[in-house]
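Note: the block below is query-v2.txt and it holds compact mmCIF, C-alpha atoms.
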# COMPACT_ATOMS: atom_id res chain seq x y z
CA ARG A 1 64.53 -44.21 83.99
CA GLU A 2 67.46 -42.07 85.18
CA LYS A 3 67.31 -40.02 81.97
CA GLY A 4 63.57 -39.33 82.21
CA ILE A 5 61.84 -42.25 80.49
CA ARG A 6 58.56 -42.65 82.39
CA ASN A 7 56.49 -45.11 80.37
CA GLU A 8 56.59 -48.38 82.30
CA ALA A 9 55.77 -50.48 79.22
CA VAL A 10 58.79 -49.00 77.41
CA LEU A 11 61.06 -49.57 80.41
CA LYS A 12 59.83 -53.17 80.69
CA ALA A 13 60.41 -53.76 76.95
CA MET A 14 63.95 -52.37 77.20
CA ALA A 15 64.68 -54.61 80.18
CA ALA A 16 63.32 -57.67 78.36
CA VAL A 17 65.77 -57.47 75.44
CA PRO A 18 69.34 -58.69 76.16
CA ARG A 19 71.41 -56.05 74.32
CA HIS A 20 74.61 -58.10 74.58
CA VAL A 21 73.16 -60.55 72.04
CA PHE A 22 73.22 -57.80 69.40
CA VAL A 23 76.85 -56.67 69.69
CA GLU A 24 80.13 -58.35 68.83
CA GLU A 25 81.53 -60.54 71.61
CA ALA A 26 84.45 -58.14 72.12
CA LEU A 27 81.94 -55.37 72.98
CA ALA A 28 79.64 -57.47 75.17
CA SER A 29 81.06 -55.94 78.36
CA ARG A 30 79.89 -52.52 77.09
CA ALA A 31 76.48 -53.66 75.86
CA TYR A 32 74.58 -52.10 78.75
CA GLU A 33 76.27 -48.72 78.62
CA ASP A 34 74.03 -45.91 77.42
CA THR A 35 75.99 -45.38 74.23
CA ALA A 36 75.90 -46.32 70.57
CA LEU A 37 78.30 -49.14 69.71
CA PRO A 38 79.83 -50.11 66.35
CA LEU A 39 78.28 -52.89 64.29
CA GLY A 40 80.69 -52.71 61.37
CA MET A 41 80.05 -51.36 57.89
CA GLY A 42 80.01 -47.84 59.35
CA GLN A 43 76.82 -48.58 61.31
CA THR A 44 76.03 -48.56 65.03
CA ILE A 45 73.56 -50.09 67.43
CA SER A 46 71.55 -47.16 68.77
CA GLN A 47 72.04 -45.67 72.20
CA PRO A 48 69.45 -47.29 74.52
CA TYR A 49 68.11 -43.93 75.72
CA VAL A 50 67.37 -42.82 72.15
CA VAL A 51 65.56 -46.10 71.41
CA ALA A 52 63.48 -45.71 74.58
CA ARG A 53 62.77 -42.02 73.96
CA MET A 54 61.58 -42.54 70.39
CA ILE A 55 59.37 -45.47 71.36
CA GLU A 56 57.96 -43.55 74.32
CA LEU A 57 56.99 -40.67 72.00
CA LEU A 58 55.35 -43.09 69.55
CA LEU A 59 53.41 -44.78 72.34
CA ASN A 60 52.44 -41.64 74.28
CA GLY A 61 48.72 -41.80 75.08
CA ARG A 62 48.19 -45.03 73.12
CA LYS A 63 47.80 -48.57 74.43
CA SER A 64 49.80 -50.13 71.60
CA LEU A 65 52.15 -49.25 68.79
CA GLY A 66 49.95 -51.23 66.41
CA LYS A 67 51.41 -52.36 63.11
CA THR A 68 54.95 -50.96 63.19
CA LEU A 69 57.61 -50.29 60.56
CA GLU A 70 61.24 -49.80 61.50
CA ILE A 71 63.58 -48.17 59.00
CA GLY A 72 67.20 -49.25 59.51
CA ALA A 73 66.99 -52.56 61.34
CA GLY A 74 70.77 -52.84 61.74
CA CYS A 75 71.41 -55.81 64.03
CA GLY A 76 67.74 -56.04 65.05
CA TYR A 77 67.99 -54.58 68.57
CA GLN A 78 65.35 -51.88 68.20
CA ALA A 79 63.04 -54.28 66.32
CA ALA A 80 63.30 -56.71 69.25
CA VAL A 81 62.34 -53.92 71.68
CA LEU A 82 59.43 -52.90 69.45
CA ALA A 83 58.29 -56.54 69.33
CA GLN A 84 57.75 -56.41 73.09
CA LEU A 85 55.15 -53.67 72.53
CA THR A 86 53.20 -54.89 69.49
CA ASN A 87 52.39 -58.10 67.67
CA GLU A 88 53.41 -56.91 64.21
CA VAL A 89 56.85 -55.44 63.43
CA TYR A 90 58.23 -54.98 59.93
CA ALA A 91 61.85 -53.87 59.69
CA VAL A 92 63.88 -52.96 56.62
CA GLU A 93 67.66 -52.86 56.28
CA ARG A 94 69.61 -51.81 53.18
CA LEU A 95 72.88 -53.58 54.10
CA GLY A 96 72.66 -57.33 53.42
CA PRO A 97 75.22 -58.48 56.03
CA LEU A 98 73.44 -56.50 58.76
CA LEU A 99 70.10 -57.91 57.69
CA GLU A 100 71.53 -61.43 58.03
CA LYS A 101 72.84 -60.53 61.49
CA ALA A 102 69.39 -59.22 62.46
CA LYS A 103 67.73 -62.40 61.21
CA ALA A 104 70.16 -64.55 63.23
CA ASN A 105 69.52 -62.44 66.33
CA MET A 106 65.74 -62.80 65.93
CA ARG A 107 66.16 -66.58 65.66
CA THR A 108 68.36 -66.63 68.78
CA LEU A 109 65.70 -64.72 70.74
CA GLN A 110 62.86 -66.64 69.09
CA GLN A 111 61.33 -63.30 68.15
CA PHE A 112 58.86 -64.49 65.52
CA ASN A 113 56.66 -61.39 65.23
CA VAL A 114 59.41 -59.42 63.43
CA ARG A 115 59.50 -59.57 59.63
CA LEU A 116 62.80 -58.41 58.14
CA LYS A 117 63.30 -57.28 54.55
CA HIS A 118 66.27 -56.14 52.48
CA ALA A 119 65.17 -52.74 51.16
CA ASP A 120 66.03 -49.05 50.97
CA GLY A 121 64.26 -47.49 53.92
CA GLN A 122 63.55 -44.15 52.25
CA PHE A 123 60.84 -45.95 50.29
CA GLY A 124 59.37 -47.66 53.35
CA LEU A 125 57.53 -50.91 52.76
CA PRO A 126 54.39 -49.99 50.79
CA GLU A 127 53.32 -53.59 50.21
CA ALA A 128 52.87 -54.09 53.98
CA GLY A 129 51.40 -50.67 54.85
CA PRO A 130 49.70 -48.72 56.12
CA PHE A 131 51.42 -48.59 59.50
CA ASP A 132 50.22 -47.29 62.85
CA SER A 133 53.80 -46.50 63.88
CA ILE A 134 56.96 -45.85 61.87
CA ILE A 135 60.34 -45.41 63.54
CA VAL A 136 63.50 -44.36 61.70
CA ALA A 137 66.75 -45.50 63.31
CA ALA A 138 69.24 -43.19 61.56
CA ALA A 139 69.29 -39.43 61.32
CA ALA A 140 67.86 -37.96 58.15
CA ILE A 141 68.01 -34.56 56.48
CA GLY A 142 64.23 -34.59 56.31
CA VAL A 143 61.27 -36.93 56.40
CA PRO A 144 60.97 -39.14 53.29
CA PRO A 145 57.54 -38.46 51.71
CA ALA A 146 56.98 -42.19 51.10
CA LEU A 147 57.00 -42.80 54.85
CA LYS A 148 54.32 -40.18 55.50
CA GLU A 149 52.18 -41.77 52.78
CA GLN A 150 52.45 -45.17 54.50
CA LEU A 151 51.14 -43.87 57.83
CA ALA A 152 47.64 -45.07 58.70
CA PRO A 153 45.09 -42.46 59.80
CA GLY A 154 45.92 -41.71 63.44
CA GLY A 155 49.43 -43.10 62.86
CA ARG A 156 52.71 -41.68 64.14
CA LEU A 157 56.15 -41.45 62.57
CA ILE A 158 59.31 -40.55 64.46
CA VAL A 159 62.66 -39.69 62.91
CA PRO A 160 65.88 -38.12 64.20
CA VAL A 161 66.65 -35.07 62.04
CA GLY A 162 69.87 -33.10 61.74
CA GLY A 163 73.57 -33.60 62.28
CA ALA A 164 75.38 -32.97 65.56
CA ASP A 165 72.37 -31.13 66.98
CA GLN A 166 69.80 -33.81 66.31
CA ARG A 167 66.20 -33.45 67.32
CA LEU A 168 63.39 -35.95 67.14
CA VAL A 169 60.55 -35.09 64.78
CA LEU A 170 57.19 -36.73 65.49
CA ILE A 171 54.61 -36.64 62.72
CA GLU A 172 51.01 -37.53 63.46
CA ARG A 173 48.55 -38.24 60.66
CA GLN A 174 45.01 -37.01 61.08
CA GLY A 175 43.17 -37.82 57.85
CA ASN A 176 45.24 -36.14 55.16
CA VAL A 177 46.78 -33.64 57.58
CA PHE A 178 50.24 -34.27 59.05
CA ARG A 179 51.03 -32.52 62.34
CA GLU A 180 54.73 -32.17 63.17
CA SER A 181 56.26 -31.77 66.65
CA GLY A 182 59.92 -31.50 67.62
CA TYR A 183 61.59 -32.97 70.71
CA GLU A 184 65.08 -33.11 72.16
CA ALA A 185 66.91 -36.34 71.36

Would you give me this structure, written as structure tokens?
Amino acid sequence: REKGIRNEAVLKAMAAVPRHVFVEEALASRAYEDTALPLGMGQTISQPYVVARMIELLLNGRKSLGKTLEIGAGCGYQAAVLAQLTNEVYAVERLGPLLEKAKANMRTLQQFNVRLKHADGQFGLPEAGPFDSIIVAAAAIGVPPALKEQLAPGGRLIVPVGGADQRLVLIERQGNVFRESGYEA
């Protein structure tokens, strides 16, 4: 809220997910700081503001996220937040140990509307598509074409793009036309 998130449903979803469950015990005291924290294997749990901002952009003007795909599940934190806002979340993770951690976290929270799969996110999850919402957790050089193809008509895809000066790219599908908008991260 202090950083400008206005959507009450997003704020409520963020408040409903206990972030300390998703980090190592040694980092639990820092779990509610607005910062990314290490998960191991060179990966991090996303900064809460970035999670909220991306979800707010996906949800803007819509009542629901609809069928949602998350690329880069990591420890499952963002998937758990998404699950507060829709009944159907699919999340893919390419690193097996992180996927197992995400599965354990979903069991702990009894979050049963999240389906996790070991896969390379650049290819999405075509067997479960199309998706109304797609959210990419890690910064990319560009938008993988396979993800655009898996967007349902009227669907939205959000991805952080760039290096140190990241921006959020929102792609909206209207028929076979993809409209792109950029936002500050």

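You can rank A:Glu172, A:Glu70, A:Glu180, A:Glu88 by their closest distance to Ile134 in chain A using only C-alpha atoms, and at the top of that list sits A:Glu70.
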
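All protein, DNA and RNA residues at most 8 Å from (76.0, -53.5, 64.8) are Phe22, Val23, Glu24, Leu37, Pro38, Leu39, Gly40, Gln43, Thr44, Ile45, Gly74, Cys75 and Leu98 of chain A, using all atoms listed in the file.
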
For Pro144 in chain A, which residue among A:Phe123, A:Tyr90, A:Phe112, A:Tyr32 is the nearest when counting only C-alpha atoms?
A:Phe123

Using all atoms listed in the file, the shortest atom-to-atom distance to Ile55 in chain A among A:Ala139, A:Leu168, A:Val10, A:Ser29 belongs to A:Val10

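Across the model, the gap from CA of Glu8 in chain A to CA of Arg107 in chain A is 26.5 Å.
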
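The space separating CA of Ala119 in chain A from CA of Ser133 in chain A comes to 18.2 Å.
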
Do you know which residues are at most 10 Å from Ala31 in chain A counting only C-alpha atoms, after dropping those on the same chain fewer than 3 positions away, and could you put them as a VMD selection string?
chain A and resid 18 to 28 34 to 37 45 47 to 48

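When only C-alpha atoms are used to measure the gap to Pro130 in chain A, the shortest distance among A:Lys101, A:Arg6, A:Arg62, A:Lys148 belongs to A:Lys148.
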
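Residue nearest Ile5 in chain A within the list A:Gly72, A:Thr108, A:Leu157, A:Ala185: A:Ala185 [criterion: smallest interatomic distance, all atoms listed in the file].
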
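Going from CA of Gln174 in chain A to CA of Leu116 in chain A covers 28.0 Å.
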
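Nearest-residue note for Tyr49 in chain A: choosing from A:Gly124, A:Gly175, A:Gly155, A:Gly4, the minimum distance belongs to A:Gly4, counting only C-alpha atoms.
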
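With only the atoms specified (only C-alpha atoms) counting, those residues at most 9 Å away from (68.5, -38.0, 57.3) are Ala138, Ala139, Ala140, Ile141, Gly142, Val143, Pro144, Val159, Pro160, Val161, Gly162 and Gly163 of chain A.
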
Shell around Gln110 in chain A at 12 Å using all atoms listed in the file, local window under 5 positions removed, as a PDB file with C-alpha atoms, keeping the file's coordinate frame:
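The new file result.pdb reads:
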ATOM      1  CA  VAL A  17      65.770 -57.470  75.440  1.00  0.00           C
ATOM      2  CA  ALA A  80      63.300 -56.710  69.250  1.00  0.00           C
ATOM      3  CA  ALA A  83      58.290 -56.540  69.330  1.00  0.00           C
ATOM      4  CA  ALA A 102      69.390 -59.220  62.460  1.00  0.00           C
ATOM      5  CA  LYS A 103      67.730 -62.400  61.210  1.00  0.00           C
ATOM      6  CA  ALA A 104      70.160 -64.550  63.230  1.00  0.00           C
ATOM      7  CA  ASN A 105      69.520 -62.440  66.330  1.00  0.00           C
TER       8      ASN A 105
END

Please, what is the axis-aligned box for every listed atom of range 91-101 of chain A with 5 Å on each side, as centre and edge lengths in Å to one decimal, as AutoDock Vina command-line options?
--center_x 68.5 --center_y -56.6 --center_z 57.3 --size_x 23.4 --size_y 19.6 --size_z 18.3

Just the residues within 10 Å of Thr86 in chain A, please, counting only C-alpha atoms, with nothing from its chain fewer than 3 positions along; format it as a PyMOL selection string.
chain A and resi 63-68+81-83+89+113-114

Is it possible to add N, CA and C atoms to range 73-94 of chain A and hand it back as a short mmCIF file (atom, residue, chain, number, x, y, z; two decimals), in the coordinates of the input?
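Output (part_36.cif):
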data_model
loop_
_atom_site.label_atom_id
_atom_site.label_comp_id
_atom_site.auth_asym_id
_atom_site.auth_seq_id
_atom_site.Cartn_x
_atom_site.Cartn_y
_atom_site.Cartn_z
N ALA A 73 67.02 -51.51 60.32
CA ALA A 73 66.99 -52.56 61.34
C ALA A 73 68.36 -52.82 61.97
N GLY A 74 69.43 -52.57 61.21
CA GLY A 74 70.77 -52.84 61.74
C GLY A 74 70.87 -54.28 62.20
N CYS A 75 71.25 -54.47 63.45
CA CYS A 75 71.41 -55.81 64.03
C CYS A 75 70.11 -56.38 64.60
N GLY A 76 69.04 -55.57 64.58
CA GLY A 76 67.74 -56.04 65.05
C GLY A 76 67.37 -55.64 66.47
N TYR A 77 68.25 -54.92 67.17
CA TYR A 77 67.99 -54.58 68.57
C TYR A 77 66.69 -53.79 68.75
N GLN A 78 66.55 -52.70 68.03
CA GLN A 78 65.35 -51.88 68.20
C GLN A 78 64.09 -52.65 67.79
N ALA A 79 64.19 -53.46 66.74
CA ALA A 79 63.04 -54.28 66.32
C ALA A 79 62.62 -55.24 67.43
N ALA A 80 63.60 -55.80 68.14
CA ALA A 80 63.30 -56.71 69.25
C ALA A 80 62.60 -55.97 70.40
N VAL A 81 63.01 -54.73 70.65
CA VAL A 81 62.34 -53.92 71.68
C VAL A 81 60.92 -53.60 71.23
N LEU A 82 60.77 -53.19 69.99
CA LEU A 82 59.43 -52.90 69.45
C LEU A 82 58.52 -54.12 69.55
N ALA A 83 59.08 -55.30 69.30
CA ALA A 83 58.29 -56.54 69.33
C ALA A 83 57.73 -56.86 70.71
N GLN A 84 58.29 -56.23 71.73
CA GLN A 84 57.75 -56.41 73.09
C GLN A 84 56.47 -55.59 73.27
N LEU A 85 56.24 -54.63 72.36
CA LEU A 85 55.15 -53.67 72.53
C LEU A 85 54.05 -53.78 71.47
N THR A 86 54.21 -54.69 70.53
CA THR A 86 53.20 -54.89 69.49
C THR A 86 53.38 -56.28 68.89
N ASN A 87 52.34 -56.77 68.25
CA ASN A 87 52.39 -58.10 67.67
C ASN A 87 52.93 -58.13 66.25
N GLU A 88 53.06 -56.95 65.63
CA GLU A 88 53.41 -56.91 64.21
C GLU A 88 54.49 -55.86 63.96
N VAL A 89 55.73 -56.32 63.73
CA VAL A 89 56.85 -55.44 63.43
C VAL A 89 57.42 -55.83 62.07
N TYR A 90 57.55 -54.83 61.21
CA TYR A 90 58.23 -54.98 59.93
C TYR A 90 59.48 -54.12 60.03
N ALA A 91 60.62 -54.63 59.61
CA ALA A 91 61.85 -53.87 59.69
C ALA A 91 62.60 -54.03 58.38
N VAL A 92 63.11 -52.92 57.85
CA VAL A 92 63.88 -52.96 56.62
C VAL A 92 65.32 -52.55 56.90
N GLU A 93 66.23 -53.16 56.16
CA GLU A 93 67.66 -52.86 56.28
C GLU A 93 68.25 -52.90 54.89
N ARG A 94 69.04 -51.89 54.53
CA ARG A 94 69.61 -51.81 53.18
C ARG A 94 70.92 -52.56 53.03
#
